[in-house]
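Asks: Below you'll find structure39.pdb; it's PDB, N, CA and C atoms, pLDDT in the B column.
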ATOM      1  N   MET C  51      -6.514  29.797 -46.823  1.00 57.00           N
ATOM      2  CA  MET C  51      -6.785  31.223 -46.757  1.00 57.00           C
ATOM      3  C   MET C  51      -6.704  31.652 -45.294  1.00 57.00           C
ATOM      4  N   LYS C  52      -6.025  32.757 -45.045  1.00 79.00           N
ATOM      5  CA  LYS C  52      -5.929  33.224 -43.673  1.00 79.00           C
ATOM      6  C   LYS C  52      -7.104  34.125 -43.314  1.00 79.00           C
ATOM      7  N   ARG C  53      -7.330  34.275 -42.042  1.00 87.00           N
ATOM      8  CA  ARG C  53      -8.425  35.083 -41.524  1.00 87.00           C
ATOM      9  C   ARG C  53      -8.196  36.549 -41.890  1.00 87.00           C
ATOM     10  N   ARG C  54      -9.272  37.204 -42.375  1.00 91.00           N
ATOM     11  CA  ARG C  54      -9.132  38.621 -42.682  1.00 91.00           C
ATOM     12  C   ARG C  54     -10.409  39.388 -42.360  1.00 91.00           C
ATOM     13  N   LYS C  55     -10.195  40.636 -41.983  1.00 92.00           N
ATOM     14  CA  LYS C  55     -11.291  41.520 -41.618  1.00 92.00           C
ATOM     15  C   LYS C  55     -12.043  41.925 -42.879  1.00 92.00           C
ATOM     16  N   ILE C  56     -13.390  41.923 -42.796  1.00 94.00           N
ATOM     17  CA  ILE C  56     -14.218  42.289 -43.940  1.00 94.00           C
ATOM     18  C   ILE C  56     -15.336  43.216 -43.490  1.00 94.00           C
ATOM     19  N   LYS C  57     -15.948  43.878 -44.458  1.00 94.00           N
ATOM     20  CA  LYS C  57     -17.121  44.707 -44.202  1.00 94.00           C
ATOM     21  C   LYS C  57     -18.357  43.868 -44.497  1.00 94.00           C
ATOM     22  N   VAL C  58     -19.297  43.862 -43.540  1.00 93.00           N
ATOM     23  CA  VAL C  58     -20.514  43.069 -43.679  1.00 93.00           C
ATOM     24  C   VAL C  58     -21.732  43.969 -43.522  1.00 93.00           C
ATOM     25  N   ILE C  59     -22.705  43.792 -44.386  1.00 91.00           N
ATOM     26  CA  ILE C  59     -24.000  44.429 -44.233  1.00 91.00           C
ATOM     27  C   ILE C  59     -24.860  43.390 -43.535  1.00 91.00           C
ATOM     28  N   ALA C  60     -25.299  43.718 -42.315  1.00 87.00           N
ATOM     29  CA  ALA C  60     -25.995  42.733 -41.486  1.00 87.00           C
ATOM     30  C   ALA C  60     -27.444  43.145 -41.257  1.00 87.00           C
ATOM     31  N   TYR C  61     -28.247  42.152 -40.913  1.00 79.00           N
ATOM     32  CA  TYR C  61     -29.652  42.339 -40.615  1.00 79.00           C
ATOM     33  C   TYR C  61     -29.885  41.901 -39.175  1.00 79.00           C
ATOM     34  N   ALA C  62     -30.482  42.771 -38.369  1.00 71.00           N
ATOM     35  CA  ALA C  62     -30.842  42.412 -36.999  1.00 71.00           C
ATOM     36  C   ALA C  62     -32.305  42.001 -36.999  1.00 71.00           C
ATOM     37  N   GLY C  63     -32.559  40.751 -36.669  1.00 62.00           N
ATOM     38  CA  GLY C  63     -33.919  40.219 -36.675  1.00 62.00           C
ATOM     39  C   GLY C  63     -34.707  40.598 -35.432  1.00 62.00           C
ATOM     40  N   TYR C  64     -35.845  39.977 -35.251  1.00 58.00           N
ATOM     41  CA  TYR C  64     -36.734  40.315 -34.147  1.00 58.00           C
ATOM     42  C   TYR C  64     -36.113  40.011 -32.785  1.00 58.00           C
ATOM     43  N   ARG C  65     -35.112  39.131 -32.737  1.00 53.00           N
ATOM     44  CA  ARG C  65     -34.433  38.844 -31.471  1.00 53.00           C
ATOM     45  C   ARG C  65     -33.132  39.637 -31.375  1.00 53.00           C
ATOM     46  N   SER C  66     -32.952  40.583 -32.254  1.00 48.00           N
ATOM     47  CA  SER C  66     -31.796  41.478 -32.345  1.00 48.00           C
ATOM     48  C   SER C  66     -30.462  40.753 -32.530  1.00 48.00           C
ATOM     49  N   GLU C  67     -30.492  39.537 -33.059  1.00 60.00           N
ATOM     50  CA  GLU C  67     -29.262  38.845 -33.424  1.00 60.00           C
ATOM     51  C   GLU C  67     -28.913  39.248 -34.847  1.00 60.00           C
ATOM     52  N   GLU C  68     -27.666  39.609 -35.069  1.00 78.00           N
ATOM     53  CA  GLU C  68     -27.256  40.015 -36.402  1.00 78.00           C
ATOM     54  C   GLU C  68     -26.994  38.795 -37.280  1.00 78.00           C
ATOM     55  N   SER C  69     -27.399  38.917 -38.523  1.00 88.00           N
ATOM     56  CA  SER C  69     -27.129  37.897 -39.537  1.00 88.00           C
ATOM     57  C   SER C  69     -26.553  38.605 -40.754  1.00 88.00           C
ATOM     58  N   PRO C  70     -25.560  38.000 -41.405  1.00 93.00           N
ATOM     59  CA  PRO C  70     -24.969  38.643 -42.569  1.00 93.00           C
ATOM     60  C   PRO C  70     -25.917  38.638 -43.771  1.00 93.00           C
ATOM     61  N   HIS C  71     -26.193  39.813 -44.302  1.00 93.00           N
ATOM     62  CA  HIS C  71     -27.036  39.958 -45.489  1.00 93.00           C
ATOM     63  C   HIS C  71     -26.167  39.918 -46.742  1.00 93.00           C
ATOM     64  N   SER C  72     -25.009  40.571 -46.662  1.00 95.00           N
ATOM     65  CA  SER C  72     -24.014  40.554 -47.731  1.00 95.00           C
ATOM     66  C   SER C  72     -22.685  41.013 -47.149  1.00 95.00           C
ATOM     67  N   PHE C  73     -21.603  40.816 -47.904  1.00 95.00           N
ATOM     68  CA  PHE C  73     -20.291  41.270 -47.462  1.00 95.00           C
ATOM     69  C   PHE C  73     -19.454  41.658 -48.667  1.00 95.00           C
ATOM     70  N   VAL C  74     -18.402  42.412 -48.410  1.00 95.00           N
ATOM     71  CA  VAL C  74     -17.540  42.891 -49.480  1.00 95.00           C
ATOM     72  C   VAL C  74     -16.211  42.145 -49.415  1.00 95.00           C
ATOM     73  N   LEU C  75     -15.850  41.498 -50.512  1.00 91.00           N
ATOM     74  CA  LEU C  75     -14.612  40.741 -50.605  1.00 91.00           C
ATOM     75  C   LEU C  75     -13.868  41.203 -51.851  1.00 91.00           C
ATOM     76  N   GLU C  76     -12.678  41.756 -51.640  1.00 90.00           N
ATOM     77  CA  GLU C  76     -11.843  42.251 -52.738  1.00 90.00           C
ATOM     78  C   GLU C  76     -12.622  43.202 -53.642  1.00 90.00           C
ATOM     79  N   GLY C  77     -13.397  44.100 -53.024  1.00 93.00           N
ATOM     80  CA  GLY C  77     -14.129  45.123 -53.761  1.00 93.00           C
ATOM     81  C   GLY C  77     -15.436  44.670 -54.376  1.00 93.00           C
ATOM     82  N   GLU C  78     -15.790  43.396 -54.220  1.00 94.00           N
ATOM     83  CA  GLU C  78     -17.019  42.866 -54.804  1.00 94.00           C
ATOM     84  C   GLU C  78     -18.016  42.525 -53.703  1.00 94.00           C
ATOM     85  N   ARG C  79     -19.262  42.954 -53.874  1.00 96.00           N
ATOM     86  CA  ARG C  79     -20.310  42.652 -52.895  1.00 96.00           C
ATOM     87  C   ARG C  79     -20.887  41.274 -53.186  1.00 96.00           C
ATOM     88  N   ILE C  80     -20.914  40.432 -52.161  1.00 97.00           N
ATOM     89  CA  ILE C  80     -21.439  39.075 -52.281  1.00 97.00           C
ATOM     90  C   ILE C  80     -22.644  38.954 -51.362  1.00 97.00           C
ATOM     91  N   GLY C  81     -23.772  38.607 -51.918  1.00 97.00           N
ATOM     92  CA  GLY C  81     -24.995  38.452 -51.142  1.00 97.00           C
ATOM     93  C   GLY C  81     -25.058  37.095 -50.470  1.00 97.00           C
ATOM     94  N   THR C  82     -25.811  37.038 -49.376  1.00 96.00           N
ATOM     95  CA  THR C  82     -26.032  35.775 -48.676  1.00 96.00           C
ATOM     96  C   THR C  82     -27.260  35.102 -49.274  1.00 96.00           C
ATOM     97  N   GLU C  83     -27.034  33.982 -49.938  1.00 97.00           N
ATOM     98  CA  GLU C  83     -28.143  33.224 -50.527  1.00 97.00           C
ATOM     99  C   GLU C  83     -28.795  32.335 -49.459  1.00 97.00           C
ATOM    100  N   GLU C  84     -27.956  31.789 -48.569  1.00 96.00           N
ATOM    101  CA  GLU C  84     -28.464  30.870 -47.535  1.00 96.00           C
ATOM    102  C   GLU C  84     -27.503  30.853 -46.353  1.00 96.00           C
ATOM    103  N   ILE C  85     -28.057  30.860 -45.141  1.00 95.00           N
ATOM    104  CA  ILE C  85     -27.240  30.607 -43.949  1.00 95.00           C
ATOM    105  C   ILE C  85     -27.342  29.111 -43.693  1.00 95.00           C
ATOM    106  N   ILE C  86     -26.256  28.419 -43.927  1.00 97.00           N
ATOM    107  CA  ILE C  86     -26.231  26.960 -43.812  1.00 97.00           C
ATOM    108  C   ILE C  86     -26.231  26.540 -42.349  1.00 97.00           C
ATOM    109  N   SER C  87     -25.396  27.190 -41.543  1.00 97.00           N
ATOM    110  CA  SER C  87     -25.358  26.911 -40.107  1.00 97.00           C
ATOM    111  C   SER C  87     -24.833  28.126 -39.374  1.00 97.00           C
ATOM    112  N   ARG C  88     -25.129  28.175 -38.091  1.00 95.00           N
ATOM    113  CA  ARG C  88     -24.660  29.256 -37.235  1.00 95.00           C
ATOM    114  C   ARG C  88     -24.412  28.694 -35.849  1.00 95.00           C
ATOM    115  N   TRP C  89     -23.410  29.224 -35.166  1.00 95.00           N
ATOM    116  CA  TRP C  89     -23.113  28.789 -33.807  1.00 95.00           C
ATOM    117  C   TRP C  89     -22.338  29.883 -33.086  1.00 95.00           C
ATOM    118  N   VAL C  90     -22.250  29.749 -31.784  1.00 93.00           N
ATOM    119  CA  VAL C  90     -21.521  30.711 -30.964  1.00 93.00           C
ATOM    120  C   VAL C  90     -20.312  30.006 -30.375  1.00 93.00           C
ATOM    121  N   GLY C  91     -19.158  30.641 -30.498  1.00 91.00           N
ATOM    122  CA  GLY C  91     -17.916  30.129 -29.925  1.00 91.00           C
ATOM    123  C   GLY C  91     -17.354  31.156 -28.959  1.00 91.00           C
ATOM    124  N   GLU C  92     -16.158  30.878 -28.488  1.00 81.00           N
ATOM    125  CA  GLU C  92     -15.523  31.753 -27.519  1.00 81.00           C
ATOM    126  C   GLU C  92     -14.108  32.068 -27.977  1.00 81.00           C
ATOM    127  N   ASN C  93     -13.725  33.344 -27.910  1.00 75.00           N
ATOM    128  CA  ASN C  93     -12.368  33.759 -28.235  1.00 75.00           C
ATOM    129  C   ASN C  93     -11.443  33.251 -27.138  1.00 75.00           C
ATOM    130  N   ALA C  94     -10.426  32.502 -27.505  1.00 73.00           N
ATOM    131  CA  ALA C  94      -9.513  31.904 -26.524  1.00 73.00           C
ATOM    132  C   ALA C  94      -8.777  32.956 -25.704  1.00 73.00           C
ATOM    133  N   GLY C  95      -8.465  34.098 -26.320  1.00 72.00           N
ATOM    134  CA  GLY C  95      -7.689  35.120 -25.626  1.00 72.00           C
ATOM    135  C   GLY C  95      -8.460  35.832 -24.531  1.00 72.00           C
ATOM    136  N   ASP C  96      -9.642  36.354 -24.860  1.00 75.00           N
ATOM    137  CA  ASP C  96     -10.385  37.153 -23.880  1.00 75.00           C
ATOM    138  C   ASP C  96     -11.740  36.555 -23.497  1.00 75.00           C
ATOM    139  N   ARG C  97     -12.025  35.352 -23.998  1.00 76.00           N
ATOM    140  CA  ARG C  97     -13.240  34.608 -23.675  1.00 76.00           C
ATOM    141  C   ARG C  97     -14.528  35.334 -24.065  1.00 76.00           C
ATOM    142  N   GLN C  98     -14.445  36.232 -25.061  1.00 83.00           N
ATOM    143  CA  GLN C  98     -15.629  36.906 -25.571  1.00 83.00           C
ATOM    144  C   GLN C  98     -16.342  35.995 -26.561  1.00 83.00           C
ATOM    145  N   GLN C  99     -17.662  36.144 -26.642  1.00 87.00           N
ATOM    146  CA  GLN C  99     -18.431  35.329 -27.575  1.00 87.00           C
ATOM    147  C   GLN C  99     -18.196  35.776 -29.018  1.00 87.00           C
ATOM    148  N   ILE C 100     -18.028  34.797 -29.886  1.00 90.00           N
ATOM    149  CA  ILE C 100     -17.879  35.025 -31.317  1.00 90.00           C
ATOM    150  C   ILE C 100     -19.012  34.258 -32.018  1.00 90.00           C
ATOM    151  N   HIS C 101     -19.722  34.935 -32.899  1.00 92.00           N
ATOM    152  CA  HIS C 101     -20.800  34.307 -33.661  1.00 92.00           C
ATOM    153  C   HIS C 101     -20.252  33.885 -35.018  1.00 92.00           C
ATOM    154  N   PHE C 102     -20.489  32.631 -35.381  1.00 95.00           N
ATOM    155  CA  PHE C 102     -20.010  32.085 -36.650  1.00 95.00           C
ATOM    156  C   PHE C 102     -21.196  31.802 -37.559  1.00 95.00           C
ATOM    157  N   PHE C 103     -20.987  32.037 -38.855  1.00 96.00           N
ATOM    158  CA  PHE C 103     -22.008  31.784 -39.872  1.00 96.00           C
ATOM    159  C   PHE C 103     -21.357  31.093 -41.057  1.00 96.00           C
ATOM    160  N   ARG C 104     -21.826  29.901 -41.395  1.00 98.00           N
ATOM    161  CA  ARG C 104     -21.417  29.243 -42.633  1.00 98.00           C
ATOM    162  C   ARG C 104     -22.515  29.588 -43.631  1.00 98.00           C
ATOM    163  N   ILE C 105     -22.138  30.318 -44.672  1.00 97.00           N
ATOM    164  CA  ILE C 105     -23.136  30.808 -45.625  1.00 97.00           C
ATOM    165  C   ILE C 105     -22.815  30.358 -47.046  1.00 97.00           C
ATOM    166  N   LYS C 106     -23.858  30.335 -47.856  1.00 98.00           N
ATOM    167  CA  LYS C 106     -23.693  30.145 -49.295  1.00 98.00           C
ATOM    168  C   LYS C 106     -23.881  31.522 -49.919  1.00 98.00           C
ATOM    169  N   GLY C 107     -22.855  31.993 -50.611  1.00 98.00           N
ATOM    170  CA  GLY C 107     -22.929  33.288 -51.278  1.00 98.00           C
ATOM    171  C   GLY C 107     -23.709  33.188 -52.574  1.00 98.00           C
ATOM    172  N   ASP C 108     -24.168  34.348 -53.050  1.00 97.00           N
ATOM    173  CA  ASP C 108     -24.901  34.338 -54.317  1.00 97.00           C
ATOM    174  C   ASP C 108     -23.985  34.065 -55.508  1.00 97.00           C
ATOM    175  N   ASP C 109     -22.681  33.885 -55.229  1.00 97.00           N
ATOM    176  CA  ASP C 109     -21.729  33.476 -56.266  1.00 97.00           C
ATOM    177  C   ASP C 109     -21.548  31.956 -56.295  1.00 97.00           C
ATOM    178  N   GLY C 110     -22.285  31.242 -55.407  1.00 97.00           N
ATOM    179  CA  GLY C 110     -22.233  29.788 -55.374  1.00 97.00           C
ATOM    180  C   GLY C 110     -21.193  29.200 -54.433  1.00 97.00           C
ATOM    181  N   PHE C 111     -20.304  30.027 -53.870  1.00 97.00           N
ATOM    182  CA  PHE C 111     -19.267  29.546 -52.965  1.00 97.00           C
ATOM    183  C   PHE C 111     -19.760  29.528 -51.516  1.00 97.00           C
ATOM    184  N   ILE C 112     -19.129  28.686 -50.700  1.00 98.00           N
ATOM    185  CA  ILE C 112     -19.428  28.582 -49.275  1.00 98.00           C
ATOM    186  C   ILE C 112     -18.375  29.386 -48.509  1.00 98.00           C
ATOM    187  N   TYR C 113     -18.834  30.185 -47.544  1.00 97.00           N
ATOM    188  CA  TYR C 113     -17.946  31.035 -46.756  1.00 97.00           C
ATOM    189  C   TYR C 113     -18.202  30.822 -45.273  1.00 97.00           C
ATOM    190  N   LEU C 114     -17.163  31.026 -44.466  1.00 97.00           N
ATOM    191  CA  LEU C 114     -17.297  31.007 -43.017  1.00 97.00           C
ATOM    192  C   LEU C 114     -16.976  32.410 -42.519  1.00 97.00           C
ATOM    193  N   LEU C 115     -17.994  33.079 -41.960  1.00 96.00           N
ATOM    194  CA  LEU C 115     -17.840  34.420 -41.429  1.00 96.00           C
ATOM    195  C   LEU C 115     -17.953  34.370 -39.910  1.00 96.00           C
ATOM    196  N   SER C 116     -17.256  35.289 -39.239  1.00 94.00           N
ATOM    197  CA  SER C 116     -17.385  35.387 -37.788  1.00 94.00           C
ATOM    198  C   SER C 116     -17.602  36.835 -37.401  1.00 94.00           C
ATOM    199  N   CYS C 117     -18.316  37.031 -36.301  1.00 91.00           N
ATOM    200  CA  CYS C 117     -18.623  38.370 -35.806  1.00 91.00           C
ATOM    201  C   CYS C 117     -18.272  38.445 -34.327  1.00 91.00           C
ATOM    202  N   ASP C 118     -17.431  39.406 -33.978  1.00 87.00           N
ATOM    203  CA  ASP C 118     -17.100  39.695 -32.586  1.00 87.00           C
ATOM    204  C   ASP C 118     -17.960  40.887 -32.185  1.00 87.00           C
ATOM    205  N   ASP C 119     -19.053  40.631 -31.481  1.00 80.00           N
ATOM    206  CA  ASP C 119     -19.986  41.689 -31.099  1.00 80.00           C
ATOM    207  C   ASP C 119     -19.328  42.755 -30.230  1.00 80.00           C
ATOM    208  N   GLN C 120     -18.449  42.334 -29.359  1.00 82.00           N
ATOM    209  CA  GLN C 120     -17.774  43.256 -28.439  1.00 82.00           C
ATOM    210  C   GLN C 120     -16.969  44.300 -29.216  1.00 82.00           C
ATOM    211  N   LYS C 121     -16.253  43.868 -30.230  1.00 84.00           N
ATOM    212  CA  LYS C 121     -15.399  44.768 -31.023  1.00 84.00           C
ATOM    213  C   LYS C 121     -16.117  45.325 -32.246  1.00 84.00           C
ATOM    214  N   GLY C 122     -17.267  44.724 -32.590  1.00 85.00           N
ATOM    215  CA  GLY C 122     -17.988  45.167 -33.776  1.00 85.00           C
ATOM    216  C   GLY C 122     -17.257  44.838 -35.064  1.00 85.00           C
ATOM    217  N   GLU C 123     -16.528  43.733 -35.077  1.00 90.00           N
ATOM    218  CA  GLU C 123     -15.725  43.340 -36.228  1.00 90.00           C
ATOM    219  C   GLU C 123     -16.229  42.032 -36.834  1.00 90.00           C
ATOM    220  N   TRP C 124     -16.169  41.958 -38.161  1.00 93.00           N
ATOM    221  CA  TRP C 124     -16.489  40.749 -38.905  1.00 93.00           C
ATOM    222  C   TRP C 124     -15.221  40.260 -39.579  1.00 93.00           C
ATOM    223  N   HIS C 125     -15.089  38.936 -39.681  1.00 94.00           N
ATOM    224  CA  HIS C 125     -13.931  38.342 -40.345  1.00 94.00           C
ATOM    225  C   HIS C 125     -14.374  37.210 -41.267  1.00 94.00           C
ATOM    226  N   LEU C 126     -13.603  37.026 -42.336  1.00 96.00           N
ATOM    227  CA  LEU C 126     -13.717  35.863 -43.197  1.00 96.00           C
ATOM    228  C   LEU C 126     -12.696  34.877 -42.688  1.00 96.00           C
ATOM    229  N   GLU C 127     -13.144  33.707 -42.271  1.00 91.00           N
ATOM    230  CA  GLU C 127     -12.257  32.698 -41.679  1.00 91.00           C
ATOM    231  C   GLU C 127     -11.595  31.855 -42.751  1.00 91.00           C
TER
END
Would you mind writing the file's structure down as structure tokens?
Replies:
Amino acid sequence: MKRRKIKVIAYAGYRSEESPHSFVLEGERIGTEEIISRWVGENAGDRQQIHFFRIKGDDGFIYLLSCDDQKGEWHLE
């Protein structure tokens, strides 16, 4: 599957870090059942920080989402 831009409903916690609460994929809203892991990487092109989240959706599937805070964009990896 190739990387694609998605709409994410996020939650900003007490440390103001955003976490995905749910996202829309092909017109269907998928809730986040569990955040399995999270880490920060760097965009090779402009060296901006990218936040990654490996999540378990409420549909039972595992997804890898990324957030570019600078651009305000979320992607399904």
Asks: Separation of atom CA of C:Gly91 and atom CA of C:Ser116, in Å?
Replies: 9.5 Å
Asks: For C:Arg54, find every residue with an atom within 9 Å (counting only C-alpha atoms), except residues of its own chain fewer than 3 positions away, and show them as a list in words.
Replies: Met51, Trp124, His125, Leu126 and Glu127 of chain C
Asks: Would you write out, as a count of residues only, every residue that the PyMOL selection byres ((chain C and resi 114) around 8) captures in this file?
Replies: 14
Asks: Got a sec to resolve the PyMOL selection byres ((chain C and resi 119) around 7) on this structure and send the residues as a list in words?
Replies: Gln99, Ile100, His101, Cys117, Asp118, Gln120, Lys121, Gly122 and Glu123 of chain C
Asks: By how many Å are atom CA of C:Gly110 and atom CA of C:Arg79 apart?
Replies: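 So the two atoms, atom CA of C:Gly110 and atom CA of C:Arg79, lie 13.2 Å apart.
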